[in-house]
file protein.csv (CSV, N, CA and C atoms)
chain,number,residue,atom,x,y,z
A,1,MET,N,14.0,-34.6,-14.1
A,1,MET,CA,14.5,-33.4,-13.4
A,1,MET,C,13.3,-32.4,-13.4
A,2,THR,N,13.2,-31.7,-12.4
A,2,THR,CA,12.2,-30.7,-12.2
A,2,THR,C,12.3,-29.5,-13.2
A,3,ARG,N,11.2,-29.2,-13.9
A,3,ARG,CA,11.1,-28.0,-14.7
A,3,ARG,C,10.8,-26.9,-13.8
A,4,ILE,N,11.5,-25.7,-14.0
A,4,ILE,CA,11.3,-24.6,-13.1
A,4,ILE,C,11.0,-23.4,-13.9
A,5,ASP,N,9.8,-22.7,-13.6
A,5,ASP,CA,9.4,-21.5,-14.3
A,5,ASP,C,9.5,-20.4,-13.2
A,6,PHE,N,10.1,-19.3,-13.6
A,6,PHE,CA,10.1,-18.1,-12.8
A,6,PHE,C,9.1,-17.1,-13.4
A,7,HIS,N,8.2,-16.6,-12.5
A,7,HIS,CA,7.3,-15.5,-12.9
A,7,HIS,C,7.7,-14.3,-12.1
A,8,SER,N,8.2,-13.3,-12.7
A,8,SER,CA,8.8,-12.2,-12.0
A,8,SER,C,8.0,-10.9,-12.2
A,9,ASN,N,8.3,-9.9,-11.4
A,9,ASN,CA,7.7,-8.6,-11.5
A,9,ASN,C,6.2,-8.6,-11.1
A,10,VAL,N,5.9,-9.5,-10.2
A,10,VAL,CA,4.5,-9.7,-9.8
A,10,VAL,C,4.1,-8.7,-8.8
A,11,ALA,N,3.0,-8.0,-9.1
A,11,ALA,CA,2.6,-6.9,-8.2
A,11,ALA,C,2.0,-7.4,-6.9
A,12,ASP,N,1.2,-8.4,-6.9
A,12,ASP,CA,0.6,-9.0,-5.7
A,12,ASP,C,0.8,-10.5,-5.8
A,13,LYS,N,1.7,-11.1,-5.0
A,13,LYS,CA,2.0,-12.5,-5.1
A,13,LYS,C,0.8,-13.4,-4.8
A,14,LEU,N,0.0,-13.1,-3.8
A,14,LEU,CA,-1.1,-13.9,-3.4
A,14,LEU,C,-2.2,-13.9,-4.5
A,15,HIS,N,-2.5,-12.8,-5.1
A,15,HIS,CA,-3.5,-12.7,-6.1
A,15,HIS,C,-2.9,-13.4,-7.4
A,16,TYR,N,-1.7,-13.2,-7.7
A,16,TYR,CA,-1.1,-13.9,-8.8
A,16,TYR,C,-1.1,-15.4,-8.6
A,17,ALA,N,-0.8,-15.9,-7.4
A,17,ALA,CA,-0.8,-17.3,-7.1
A,17,ALA,C,-2.2,-17.9,-7.2
A,18,CYS,N,-3.2,-17.1,-6.8
A,18,CYS,CA,-4.6,-17.6,-7.0
A,18,CYS,C,-4.9,-17.8,-8.5
A,19,ARG,N,-4.6,-16.8,-9.3
A,19,ARG,CA,-4.8,-16.9,-10.8
A,19,ARG,C,-4.1,-18.1,-11.4
A,20,LEU,N,-2.8,-18.3,-10.9
A,20,LEU,CA,-2.0,-19.4,-11.4
A,20,LEU,C,-2.6,-20.8,-11.0
A,21,ILE,N,-3.1,-20.8,-9.7
A,21,ILE,CA,-3.7,-22.1,-9.2
A,21,ILE,C,-5.0,-22.4,-10.0
A,22,ARG,N,-5.8,-21.3,-10.2
A,22,ARG,CA,-7.0,-21.5,-11.0
A,22,ARG,C,-6.7,-22.1,-12.4
A,23,LYS,N,-5.7,-21.5,-13.0
A,23,LYS,CA,-5.3,-22.0,-14.4
A,23,LYS,C,-4.8,-23.5,-14.3
A,24,ALA,N,-4.0,-23.8,-13.3
A,24,ALA,CA,-3.5,-25.2,-13.1
A,24,ALA,C,-4.7,-26.1,-12.9
A,25,ARG,N,-5.7,-25.7,-12.1
A,25,ARG,CA,-6.8,-26.6,-11.8
A,25,ARG,C,-7.7,-26.8,-13.1
A,26,ALA,N,-7.8,-25.7,-13.9
A,26,ALA,CA,-8.5,-25.8,-15.1
A,26,ALA,C,-7.9,-26.9,-16.1
A,27,ALA,N,-6.5,-27.1,-15.9
A,27,ALA,CA,-5.8,-28.1,-16.6
A,27,ALA,C,-5.8,-29.4,-15.9
A,28,ASN,N,-6.5,-29.5,-14.8
A,28,ASN,CA,-6.6,-30.7,-14.0
A,28,ASN,C,-5.3,-31.1,-13.3
A,29,SER,N,-4.5,-30.1,-13.0
A,29,SER,CA,-3.2,-30.4,-12.3
A,29,SER,C,-3.5,-30.3,-10.7
A,30,LYS,N,-2.7,-31.1,-10.1
A,30,LYS,CA,-2.6,-31.1,-8.6
A,30,LYS,C,-1.5,-30.2,-8.2
A,31,VAL,N,-1.8,-29.3,-7.2
A,31,VAL,CA,-0.9,-28.2,-6.8
A,31,VAL,C,-0.5,-28.3,-5.3
A,32,VAL,N,0.7,-28.1,-5.0
A,32,VAL,CA,1.2,-27.8,-3.6
A,32,VAL,C,1.8,-26.4,-3.6
A,33,VAL,N,1.3,-25.6,-2.7
A,33,VAL,CA,1.8,-24.2,-2.6
A,33,VAL,C,2.7,-24.2,-1.3
A,34,TYR,N,3.9,-23.7,-1.4
A,34,TYR,CA,4.8,-23.7,-0.3
A,34,TYR,C,5.2,-22.3,0.2
A,35,HIS,N,5.1,-22.1,1.5
A,35,HIS,CA,5.7,-20.9,2.1
A,35,HIS,C,6.0,-21.4,3.6
A,36,HIS,N,7.1,-21.0,4.1
A,36,HIS,CA,7.5,-21.4,5.5
A,36,HIS,C,6.6,-20.7,6.5
A,37,ASP,N,6.0,-19.6,6.2
A,37,ASP,CA,5.2,-18.8,7.2
A,37,ASP,C,3.7,-19.2,7.0
A,38,LEU,N,3.2,-19.8,8.1
A,38,LEU,CA,1.8,-20.2,8.1
A,38,LEU,C,0.8,-19.0,7.9
A,39,THR,N,1.2,-17.8,8.4
A,39,THR,CA,0.4,-16.6,8.2
A,39,THR,C,0.2,-16.3,6.7
A,40,VAL,N,1.2,-16.4,5.9
A,40,VAL,CA,1.1,-16.2,4.5
A,40,VAL,C,0.1,-17.2,3.9
A,41,LEU,N,0.2,-18.4,4.3
A,41,LEU,CA,-0.7,-19.5,3.8
A,41,LEU,C,-2.1,-19.3,4.2
A,42,ARG,N,-2.3,-18.7,5.4
A,42,ARG,CA,-3.7,-18.4,5.8
A,42,ARG,C,-4.3,-17.3,5.0
A,43,HIS,N,-3.5,-16.3,4.6
A,43,HIS,CA,-3.9,-15.2,3.7
A,43,HIS,C,-4.2,-15.8,2.3
A,44,LEU,N,-3.4,-16.7,1.9
A,44,LEU,CA,-3.7,-17.4,0.6
A,44,LEU,C,-5.0,-18.2,0.7
A,45,ASP,N,-5.2,-18.9,1.8
A,45,ASP,CA,-6.4,-19.6,2.0
A,45,ASP,C,-7.6,-18.7,1.8
A,46,GLU,N,-7.6,-17.6,2.4
A,46,GLU,CA,-8.7,-16.6,2.3
A,46,GLU,C,-8.9,-16.1,0.9
A,47,ALA,N,-7.7,-15.8,0.2
A,47,ALA,CA,-7.8,-15.3,-1.1
A,47,ALA,C,-8.3,-16.4,-2.1
A,48,LEU,N,-8.0,-17.6,-1.9
A,48,LEU,CA,-8.6,-18.7,-2.8
A,48,LEU,C,-10.1,-18.8,-2.7
A,49,TRP,N,-10.7,-18.4,-1.5
A,49,TRP,CA,-12.1,-18.5,-1.4
A,49,TRP,C,-12.8,-17.3,-2.0
A,50,THR,N,-12.0,-16.2,-2.2
A,50,THR,CA,-12.7,-15.0,-2.7
A,50,THR,C,-12.2,-14.5,-4.1
A,51,ILE,N,-11.3,-15.3,-4.7
A,51,ILE,CA,-10.7,-14.8,-6.0
A,51,ILE,C,-11.8,-14.7,-7.1
A,52,SER,N,-12.8,-15.5,-7.0
A,52,SER,CA,-13.9,-15.5,-8.1
A,52,SER,C,-15.1,-16.2,-7.5
A,53,GLU,N,-16.3,-15.5,-7.8
A,53,GLU,CA,-17.5,-16.1,-7.4
A,53,GLU,C,-17.9,-17.4,-8.2
A,54,ALA,N,-17.3,-17.5,-9.4
A,54,ALA,CA,-17.6,-18.5,-10.4
A,54,ALA,C,-16.7,-19.8,-10.2
A,55,ASP,N,-15.6,-19.6,-9.5
A,55,ASP,CA,-14.6,-20.7,-9.4
A,55,ASP,C,-14.7,-21.3,-8.0
A,56,PHE,N,-14.6,-22.6,-7.9
A,56,PHE,CA,-14.4,-23.3,-6.7
A,56,PHE,C,-13.0,-24.0,-6.7
A,57,LEU,N,-12.1,-23.5,-5.9
A,57,LEU,CA,-10.7,-24.1,-5.8
A,57,LEU,C,-10.6,-24.8,-4.5
A,58,PRO,N,-10.9,-26.2,-4.5
A,58,PRO,CA,-10.8,-26.9,-3.3
A,58,PRO,C,-9.3,-27.0,-2.8
A,59,HIS,N,-9.2,-26.6,-1.6
A,59,HIS,CA,-7.8,-26.6,-1.0
A,59,HIS,C,-7.9,-26.8,0.5
A,60,VAL,N,-6.8,-27.4,1.0
A,60,VAL,CA,-6.6,-27.6,2.5
A,60,VAL,C,-5.2,-27.4,2.9
A,61,MET,N,-4.9,-27.3,4.1
A,61,MET,CA,-3.6,-27.3,4.6
A,61,MET,C,-3.0,-28.7,4.6
A,62,ALA,N,-1.7,-28.8,4.5
A,62,ALA,CA,-1.0,-30.1,4.3
A,62,ALA,C,-1.3,-31.1,5.4
A,63,ASP,N,-1.5,-30.6,6.6
A,63,ASP,CA,-1.8,-31.5,7.8
A,63,ASP,C,-3.3,-31.9,7.9
A,64,ASP,N,-4.1,-31.4,7.0
A,64,ASP,CA,-5.5,-31.8,7.0
A,64,ASP,C,-5.7,-33.3,6.6
A,65,ALA,N,-6.7,-33.9,7.3
A,65,ALA,CA,-6.9,-35.3,7.0
A,65,ALA,C,-7.4,-35.5,5.5
A,66,LEU,N,-7.9,-34.5,4.9
A,66,LEU,CA,-8.4,-34.6,3.5
A,66,LEU,C,-7.3,-34.3,2.4
A,67,ALA,N,-6.1,-34.0,2.9
A,67,ALA,CA,-5.0,-33.5,2.0
A,67,ALA,C,-4.8,-34.5,0.8
A,68,SER,N,-4.8,-35.7,1.0
A,68,SER,CA,-4.5,-36.7,0.0
A,68,SER,C,-5.6,-36.7,-1.1
A,69,MET,N,-6.8,-36.2,-0.7
A,69,MET,CA,-7.9,-36.3,-1.7
A,69,MET,C,-8.3,-34.9,-2.2
A,70,THR,N,-7.4,-33.9,-1.9
A,70,THR,CA,-7.7,-32.5,-2.3
A,70,THR,C,-6.6,-32.0,-3.3
A,71,PRO,N,-7.1,-31.4,-4.4
A,71,PRO,CA,-6.1,-31.1,-5.5
A,71,PRO,C,-5.2,-29.9,-5.2
A,72,ILE,N,-5.5,-29.1,-4.2
A,72,ILE,CA,-4.7,-28.0,-3.9
A,72,ILE,C,-4.3,-28.1,-2.4
A,73,VAL,N,-3.0,-28.1,-2.1
A,73,VAL,CA,-2.5,-28.3,-0.7
A,73,VAL,C,-1.6,-27.1,-0.4
A,74,LEU,N,-1.9,-26.5,0.7
A,74,LEU,CA,-1.0,-25.4,1.2
A,74,LEU,C,-0.1,-25.9,2.3
A,75,SER,N,1.2,-25.7,2.1
A,75,SER,CA,2.2,-26.4,3.0
A,75,SER,C,3.2,-25.5,3.5
A,76,ASN,N,3.5,-25.6,4.8
A,76,ASN,CA,4.7,-25.0,5.4
A,76,ASN,C,5.5,-26.0,6.1
A,77,THR,N,5.3,-27.3,5.7
A,77,THR,CA,6.0,-28.4,6.3
A,77,THR,C,6.9,-29.1,5.3
A,78,ARG,N,7.4,-30.3,5.6
A,78,ARG,CA,8.3,-31.0,4.7
A,78,ARG,C,7.6,-31.4,3.5
A,79,LEU,N,8.2,-31.0,2.3
A,79,LEU,CA,7.5,-31.3,1.1
A,79,LEU,C,7.6,-32.7,0.6
A,80,ASP,N,8.6,-33.5,1.2
A,80,ASP,CA,8.7,-34.9,0.9
A,80,ASP,C,7.5,-35.7,1.4
A,81,GLN,N,6.7,-35.1,2.3
A,81,GLN,CA,5.5,-35.7,2.8
A,81,GLN,C,4.2,-35.2,2.2
A,82,SER,N,4.4,-34.5,1.1
A,82,SER,CA,3.2,-34.0,0.3
A,82,SER,C,2.4,-35.2,-0.2
A,83,PRO,N,1.1,-34.9,-0.4
A,83,PRO,CA,0.2,-36.0,-0.9
A,83,PRO,C,0.3,-36.2,-2.4
A,84,HIS,N,0.9,-35.2,-3.1
A,84,HIS,CA,1.1,-35.4,-4.6
A,84,HIS,C,2.3,-34.5,-5.0
A,85,PHE,N,2.9,-34.8,-6.1
A,85,PHE,CA,4.1,-34.1,-6.5
A,85,PHE,C,4.1,-33.7,-8.0
A,86,GLU,N,3.0,-33.2,-8.4
A,86,GLU,CA,2.9,-32.7,-9.8
A,86,GLU,C,3.4,-31.3,-10.0
A,87,LEU,N,2.8,-30.3,-9.3
A,87,LEU,CA,3.2,-28.9,-9.4
A,87,LEU,C,3.4,-28.3,-8.0
A,88,LEU,N,4.6,-27.7,-7.9
A,88,LEU,CA,4.9,-26.9,-6.7
A,88,LEU,C,5.0,-25.5,-7.0
A,89,VAL,N,4.2,-24.6,-6.2
A,89,VAL,CA,4.3,-23.2,-6.3
A,89,VAL,C,5.1,-22.7,-5.1
A,90,ASN,N,6.2,-22.0,-5.3
A,90,ASN,CA,7.0,-21.5,-4.2
A,90,ASN,C,6.8,-20.0,-4.0
A,91,LEU,N,6.2,-19.7,-2.9
A,91,LEU,CA,6.0,-18.3,-2.5
A,91,LEU,C,7.1,-17.8,-1.6
A,92,SER,N,8.0,-18.6,-1.2
A,92,SER,CA,9.0,-18.2,-0.2
A,92,SER,C,10.3,-17.7,-0.9
A,93,ALA,N,11.2,-17.2,-0.1
A,93,ALA,CA,12.4,-16.6,-0.7
A,93,ALA,C,13.6,-17.6,-0.6
A,94,ALA,N,13.3,-18.9,-0.3
A,94,ALA,CA,14.3,-19.9,-0.1
A,94,ALA,C,14.0,-21.0,-1.2
A,95,VAL,N,15.1,-21.8,-1.4
A,95,VAL,CA,14.9,-23.0,-2.2
A,95,VAL,C,14.2,-24.0,-1.4
A,96,PRO,N,13.0,-24.5,-1.8
A,96,PRO,CA,12.3,-25.4,-1.0
A,96,PRO,C,13.0,-26.8,-0.9
A,97,GLU,N,13.2,-27.3,0.3
A,97,GLU,CA,13.8,-28.6,0.4
A,97,GLU,C,12.9,-29.6,-0.2
A,98,HIS,N,13.4,-30.6,-0.9
A,98,HIS,CA,12.7,-31.7,-1.6
A,98,HIS,C,12.0,-31.3,-2.8
A,99,PHE,N,12.2,-30.1,-3.3
A,99,PHE,CA,11.6,-29.6,-4.6
A,99,PHE,C,11.8,-30.6,-5.7
A,100,PRO,N,13.0,-31.3,-5.8
A,100,PRO,CA,13.2,-32.2,-7.0
A,100,PRO,C,12.2,-33.4,-7.1
A,101,LEU,N,11.4,-33.6,-6.0
A,101,LEU,CA,10.4,-34.6,-6.1
A,101,LEU,C,9.2,-34.2,-7.0
A,102,PHE,N,9.1,-32.9,-7.3
A,102,PHE,CA,8.0,-32.4,-8.1
A,102,PHE,C,8.4,-32.4,-9.6
A,103,GLY,N,7.4,-32.6,-10.4
A,103,GLY,CA,7.6,-32.6,-11.9
A,103,GLY,C,7.9,-31.2,-12.4
A,104,ARG,N,7.2,-30.2,-11.7
A,104,ARG,CA,7.4,-28.8,-12.1
A,104,ARG,C,7.3,-27.9,-10.9
A,105,MET,N,8.0,-26.8,-10.9
A,105,MET,CA,7.9,-25.8,-9.9
A,105,MET,C,7.8,-24.4,-10.5
A,106,ILE,N,6.9,-23.6,-9.9
A,106,ILE,CA,6.8,-22.2,-10.3
A,106,ILE,C,7.2,-21.3,-9.2
A,107,GLU,N,8.2,-20.5,-9.5
A,107,GLU,CA,8.7,-19.5,-8.5
A,107,GLU,C,8.0,-18.2,-8.8
A,108,ILE,N,7.3,-17.6,-7.8
A,108,ILE,CA,6.6,-16.3,-8.0
A,108,ILE,C,7.4,-15.3,-7.3
A,109,VAL,N,7.8,-14.3,-8.1
A,109,VAL,CA,8.8,-13.2,-7.6
A,109,VAL,C,8.1,-11.9,-7.7
A,110,SER,N,8.1,-11.1,-6.7
A,110,SER,CA,7.5,-9.7,-6.8
A,110,SER,C,8.5,-8.8,-7.4
A,111,GLY,N,8.1,-7.5,-7.5
A,111,GLY,CA,9.0,-6.5,-8.1
A,111,GLY,C,9.9,-5.9,-7.0
A,112,ASP,N,9.7,-6.3,-5.8
A,112,ASP,CA,10.6,-5.9,-4.7
A,112,ASP,C,12.0,-6.2,-4.9
A,113,GLN,N,12.9,-5.3,-4.7
A,113,GLN,CA,14.3,-5.5,-5.0
A,113,GLN,C,14.9,-6.7,-4.2
A,114,GLN,N,14.6,-6.8,-2.9
A,114,GLN,CA,15.2,-7.9,-2.2
A,114,GLN,C,14.6,-9.3,-2.7
A,115,ASP,N,13.4,-9.3,-3.0
A,115,ASP,CA,12.8,-10.5,-3.5
A,115,ASP,C,13.4,-10.9,-4.9
A,116,THR,N,13.7,-9.9,-5.7
A,116,THR,CA,14.3,-10.1,-7.0
A,116,THR,C,15.7,-10.6,-6.8
A,117,LEU,N,16.5,-10.1,-5.9
A,117,LEU,CA,17.9,-10.5,-5.6
A,117,LEU,C,17.9,-12.0,-5.1
A,118,THR,N,17.0,-12.3,-4.2
A,118,THR,CA,17.0,-13.7,-3.7
A,118,THR,C,16.6,-14.7,-4.8
A,119,ALA,N,15.6,-14.2,-5.7
A,119,ALA,CA,15.2,-15.1,-6.8
A,119,ALA,C,16.3,-15.3,-7.8
A,120,ARG,N,17.2,-14.3,-8.0
A,120,ARG,CA,18.3,-14.5,-8.9
A,120,ARG,C,19.3,-15.5,-8.3
A,121,GLU,N,19.5,-15.5,-7.0
A,121,GLU,CA,20.3,-16.5,-6.4
A,121,GLU,C,19.7,-17.9,-6.5
A,122,ARG,N,18.4,-18.1,-6.4
A,122,ARG,CA,17.7,-19.4,-6.6
A,122,ARG,C,17.9,-19.8,-8.0
A,123,TYR,N,17.7,-18.9,-8.9
A,123,TYR,CA,17.8,-19.2,-10.4
A,123,TYR,C,19.2,-19.8,-10.7
A,124,ARG,N,20.2,-19.1,-10.2
A,124,ARG,CA,21.6,-19.6,-10.4
A,124,ARG,C,21.8,-21.0,-9.8
A,125,HIS,N,21.2,-21.2,-8.6
A,125,HIS,CA,21.3,-22.5,-7.9
A,125,HIS,C,20.7,-23.6,-8.7
A,126,TYR,N,19.5,-23.3,-9.2
A,126,TYR,CA,18.8,-24.3,-10.1
A,126,TYR,C,19.6,-24.6,-11.4
A,127,GLN,N,20.1,-23.5,-11.9
A,127,GLN,CA,20.8,-23.6,-13.2
A,127,GLN,C,22.1,-24.5,-13.0
A,128,GLN,N,22.8,-24.3,-11.9
A,128,GLN,CA,24.0,-25.1,-11.6
A,128,GLN,C,23.6,-26.5,-11.4
A,129,GLN,N,22.4,-26.8,-11.0
A,129,GLN,CA,22.0,-28.2,-10.8
A,129,GLN,C,21.5,-28.8,-12.1
A,130,GLY,N,21.4,-28.1,-13.2
A,130,GLY,CA,21.0,-28.6,-14.5
A,130,GLY,C,19.5,-28.6,-14.7
A,131,HIS,N,18.7,-27.9,-13.9
A,131,HIS,CA,17.3,-27.9,-14.2
A,131,HIS,C,16.9,-27.1,-15.4
A,132,THR,N,15.8,-27.5,-16.1
A,132,THR,CA,15.3,-26.7,-17.2
A,132,THR,C,14.6,-25.5,-16.6
A,133,LEU,N,15.0,-24.3,-17.0
A,133,LEU,CA,14.5,-23.0,-16.5
A,133,LEU,C,13.8,-22.2,-17.6
A,134,SER,N,12.8,-21.5,-17.1
A,134,SER,CA,12.2,-20.5,-18.0
A,134,SER,C,11.9,-19.3,-17.2
A,135,HIS,N,11.7,-18.1,-17.8
A,135,HIS,CA,11.4,-16.9,-17.1
A,135,HIS,C,10.3,-16.1,-17.9
A,136,ASN,N,9.3,-15.7,-17.1
A,136,ASN,CA,8.2,-15.0,-17.6
A,136,ASN,C,8.0,-13.7,-16.8
A,137,VAL,N,7.8,-12.6,-17.5
A,137,VAL,CA,7.6,-11.3,-16.7
A,137,VAL,C,6.1,-11.2,-16.7
A,138,ALA,N,5.6,-11.0,-15.4
A,138,ALA,CA,4.1,-10.9,-15.2
A,138,ALA,C,3.6,-9.6,-16.0
A,139,LYS,N,2.3,-9.8,-16.4
A,139,LYS,CA,1.7,-8.7,-17.1
A,139,LYS,C,0.6,-8.1,-16.3

call {"tool": "encode", "arguments": {"input": "protein.csv", "output": "structure tokens"}}
result
Amino acid sequence: MTRIDFHSNVADKLHYACRLIRKARAANSKVVVYHHDLTVLRHLDEALWTISEADFLPHVMADDALASMTPIVLSNTRLDQSPHFELLVNLSAAVPEHFPLFGRMIEIVSGDQQDTLTARERYRHYQQQGHTLSHNVAK
């Protein structure tokens, strides 16, 4: 069953996602980042190139020919067609379809009231399904 971690009260979701991805890559994890809006993923793409001059975070969009060989994949498509299923980072406000295929999922939640409310609904949904949940307040 998928382990799910909620990271809440995040000031800047994209910057936080970059830091989280950098940490996951340092642990040699393969990461899929999901958001239904391609524009958000394009902003994340830019942020991953500029987060640090010292770090190289190889990433591509899910439909790229190199996706299966790239450790970080940005996806707005069907997650059951992902090239790997180790860690899913959810930036969207919805429960990602096919998330149970992943060993772990991290939900990034801003301090925005609406984002917090929808995250609570997702938390309850996962809890009712019997997933192992944890909650971390961003620093």

call {"tool": "residues_around", "arguments": {"input": "protein.csv", "residues": "Glu107 of chain A", "least_positions_apart": "2", "cutoff": "6.5 Å", "atoms": "all atoms listed in the file", "output": "PDB file with N, CA and C atoms, in the coordinates of the input"}}
result
ATOM      1  N   ILE A   4      11.500 -25.700 -14.000  1.00  0.00           N
ATOM      2  CA  ILE A   4      11.300 -24.600 -13.100  1.00  0.00           C
ATOM      3  C   ILE A   4      11.000 -23.400 -13.900  1.00  0.00           C
ATOM      4  N   ASP A   5       9.800 -22.700 -13.600  1.00  0.00           N
ATOM      5  CA  ASP A   5       9.400 -21.500 -14.300  1.00  0.00           C
ATOM      6  C   ASP A   5       9.500 -20.400 -13.200  1.00  0.00           C
ATOM      7  N   PHE A   6      10.100 -19.300 -13.600  1.00  0.00           N
ATOM      8  CA  PHE A   6      10.100 -18.100 -12.800  1.00  0.00           C
ATOM      9  C   PHE A   6       9.100 -17.100 -13.400  1.00  0.00           C
ATOM     10  N   HIS A   7       8.200 -16.600 -12.500  1.00  0.00           N
ATOM     11  CA  HIS A   7       7.300 -15.500 -12.900  1.00  0.00           C
ATOM     12  C   HIS A   7       7.700 -14.300 -12.100  1.00  0.00           C
ATOM     13  N   SER A   8       8.200 -13.300 -12.700  1.00  0.00           N
ATOM     14  CA  SER A   8       8.800 -12.200 -12.000  1.00  0.00           C
ATOM     15  C   SER A   8       8.000 -10.900 -12.200  1.00  0.00           C
ATOM     16  N   LEU A  88       4.600 -27.700  -7.900  1.00  0.00           N
ATOM     17  CA  LEU A  88       4.900 -26.900  -6.700  1.00  0.00           C
ATOM     18  C   LEU A  88       5.000 -25.500  -7.000  1.00  0.00           C
ATOM     19  N   VAL A  89       4.200 -24.600  -6.200  1.00  0.00           N
ATOM     20  CA  VAL A  89       4.300 -23.200  -6.300  1.00  0.00           C
ATOM     21  C   VAL A  89       5.100 -22.700  -5.100  1.00  0.00           C
ATOM     22  N   ASN A  90       6.200 -22.000  -5.300  1.00  0.00           N
ATOM     23  CA  ASN A  90       7.000 -21.500  -4.200  1.00  0.00           C
ATOM     24  C   ASN A  90       6.800 -20.000  -4.000  1.00  0.00           C
ATOM     25  N   LEU A  91       6.200 -19.700  -2.900  1.00  0.00           N
ATOM     26  CA  LEU A  91       6.000 -18.300  -2.500  1.00  0.00           C
ATOM     27  C   LEU A  91       7.100 -17.800  -1.600  1.00  0.00           C
ATOM     28  N   MET A 105       8.000 -26.800 -10.900  1.00  0.00           N
ATOM     29  CA  MET A 105       7.900 -25.800  -9.900  1.00  0.00           C
ATOM     30  C   MET A 105       7.800 -24.400 -10.500  1.00  0.00           C
ATOM     31  N   VAL A 109       7.800 -14.300  -8.100  1.00  0.00           N
ATOM     32  CA  VAL A 109       8.800 -13.200  -7.600  1.00  0.00           C
ATOM     33  C   VAL A 109       8.100 -11.900  -7.700  1.00  0.00           C
TER      34      VAL A 109
END

call {"tool": "atom_distance", "arguments": {"input": "protein.csv", "atom1": "atom N of Ile108 of chain A", "atom2": "atom N of Asp64 of chain A"}}
result
23.2 Å

call {"tool": "closest_residue", "arguments": {"input": "protein.csv", "among": "A:Leu38, A:Ala93, A:Leu87, A:Leu20", "to": "Gln114 of chain A", "atoms": "all atoms listed in the file"}}
result
A:Ala93

call {"tool": "select_by_dssp", "arguments": {"input": "protein.csv", "residues": "segment 7-85 of chain A", "states": "strand (DSSP E)", "output": "PyMOL selection string"}}
result
chain A and resi 7-10+31-34+59-61+72-75

call {"tool": "atom_distance", "arguments": {"input": "protein.csv", "atom1": "atom C of Ile106 of chain A", "atom2": "atom CA of Asp63 of chain A"}}
result
21.8 Å

call {"tool": "atom_distance", "arguments": {"input": "protein.csv", "atom1": "atom CA of Asp80 of chain A", "atom2": "atom CA of His98 of chain A"}}
result
5.7 Å

call {"tool": "residues_around", "arguments": {"input": "protein.csv", "residues": "Ala62 of chain A", "least_positions_apart": "6", "cutoff": "10 Å", "atoms": "only C-alpha atoms", "output": "PDB file with N, CA and C atoms, in the coordinates of the input"}}
result
ATOM      1  N   VAL A  32       0.700 -28.100  -5.000  1.00  0.00           N
ATOM      2  CA  VAL A  32       1.200 -27.800  -3.600  1.00  0.00           C
ATOM      3  C   VAL A  32       1.800 -26.400  -3.600  1.00  0.00           C
ATOM      4  N   VAL A  33       1.300 -25.600  -2.700  1.00  0.00           N
ATOM      5  CA  VAL A  33       1.800 -24.200  -2.600  1.00  0.00           C
ATOM      6  C   VAL A  33       2.700 -24.200  -1.300  1.00  0.00           C
ATOM      7  N   TYR A  34       3.900 -23.700  -1.400  1.00  0.00           N
ATOM      8  CA  TYR A  34       4.800 -23.700  -0.300  1.00  0.00           C
ATOM      9  C   TYR A  34       5.200 -22.300   0.200  1.00  0.00           C
ATOM     10  N   SER A  68      -4.800 -35.700   1.000  1.00  0.00           N
ATOM     11  CA  SER A  68      -4.500 -36.700   0.000  1.00  0.00           C
ATOM     12  C   SER A  68      -5.600 -36.700  -1.100  1.00  0.00           C
ATOM     13  N   THR A  70      -7.400 -33.900  -1.900  1.00  0.00           N
ATOM     14  CA  THR A  70      -7.700 -32.500  -2.300  1.00  0.00           C
ATOM     15  C   THR A  70      -6.600 -32.000  -3.300  1.00  0.00           C
ATOM     16  N   ILE A  72      -5.500 -29.100  -4.200  1.00  0.00           N
ATOM     17  CA  ILE A  72      -4.700 -28.000  -3.900  1.00  0.00           C
ATOM     18  C   ILE A  72      -4.300 -28.100  -2.400  1.00  0.00           C
ATOM     19  N   VAL A  73      -3.000 -28.100  -2.100  1.00  0.00           N
ATOM     20  CA  VAL A  73      -2.500 -28.300  -0.700  1.00  0.00           C
ATOM     21  C   VAL A  73      -1.600 -27.100  -0.400  1.00  0.00           C
ATOM     22  N   LEU A  74      -1.900 -26.500   0.700  1.00  0.00           N
ATOM     23  CA  LEU A  74      -1.000 -25.400   1.200  1.00  0.00           C
ATOM     24  C   LEU A  74      -0.100 -25.900   2.300  1.00  0.00           C
ATOM     25  N   SER A  75       1.200 -25.700   2.100  1.00  0.00           N
ATOM     26  CA  SER A  75       2.200 -26.400   3.000  1.00  0.00           C
ATOM     27  C   SER A  75       3.200 -25.500   3.500  1.00  0.00           C
ATOM     28  N   ASN A  76       3.500 -25.600   4.800  1.00  0.00           N
ATOM     29  CA  ASN A  76       4.700 -25.000   5.400  1.00  0.00           C
ATOM     30  C   ASN A  76       5.500 -26.000   6.100  1.00  0.00           C
ATOM     31  N   THR A  77       5.300 -27.300   5.700  1.00  0.00           N
ATOM     32  CA  THR A  77       6.000 -28.400   6.300  1.00  0.00           C
ATOM     33  C   THR A  77       6.900 -29.100   5.300  1.00  0.00           C
ATOM     34  N   ARG A  78       7.400 -30.300   5.600  1.00  0.00           N
ATOM     35  CA  ARG A  78       8.300 -31.000   4.700  1.00  0.00           C
ATOM     36  C   ARG A  78       7.600 -31.400   3.500  1.00  0.00           C
ATOM     37  N   LEU A  79       8.200 -31.000   2.300  1.00  0.00           N
ATOM     38  CA  LEU A  79       7.500 -31.300   1.100  1.00  0.00           C
ATOM     39  C   LEU A  79       7.600 -32.700   0.600  1.00  0.00           C
ATOM     40  N   GLN A  81       6.700 -35.100   2.300  1.00  0.00           N
ATOM     41  CA  GLN A  81       5.500 -35.700   2.800  1.00  0.00           C
ATOM     42  C   GLN A  81       4.200 -35.200   2.200  1.00  0.00           C
ATOM     43  N   SER A  82       4.400 -34.500   1.100  1.00  0.00           N
ATOM     44  CA  SER A  82       3.200 -34.000   0.300  1.00  0.00           C
ATOM     45  C   SER A  82       2.400 -35.200  -0.200  1.00  0.00           C
ATOM     46  N   PRO A  83       1.100 -34.900  -0.400  1.00  0.00           N
ATOM     47  CA  PRO A  83       0.200 -36.000  -0.900  1.00  0.00           C
ATOM     48  C   PRO A  83       0.300 -36.200  -2.400  1.00  0.00           C
TER      49      PRO A  83
END
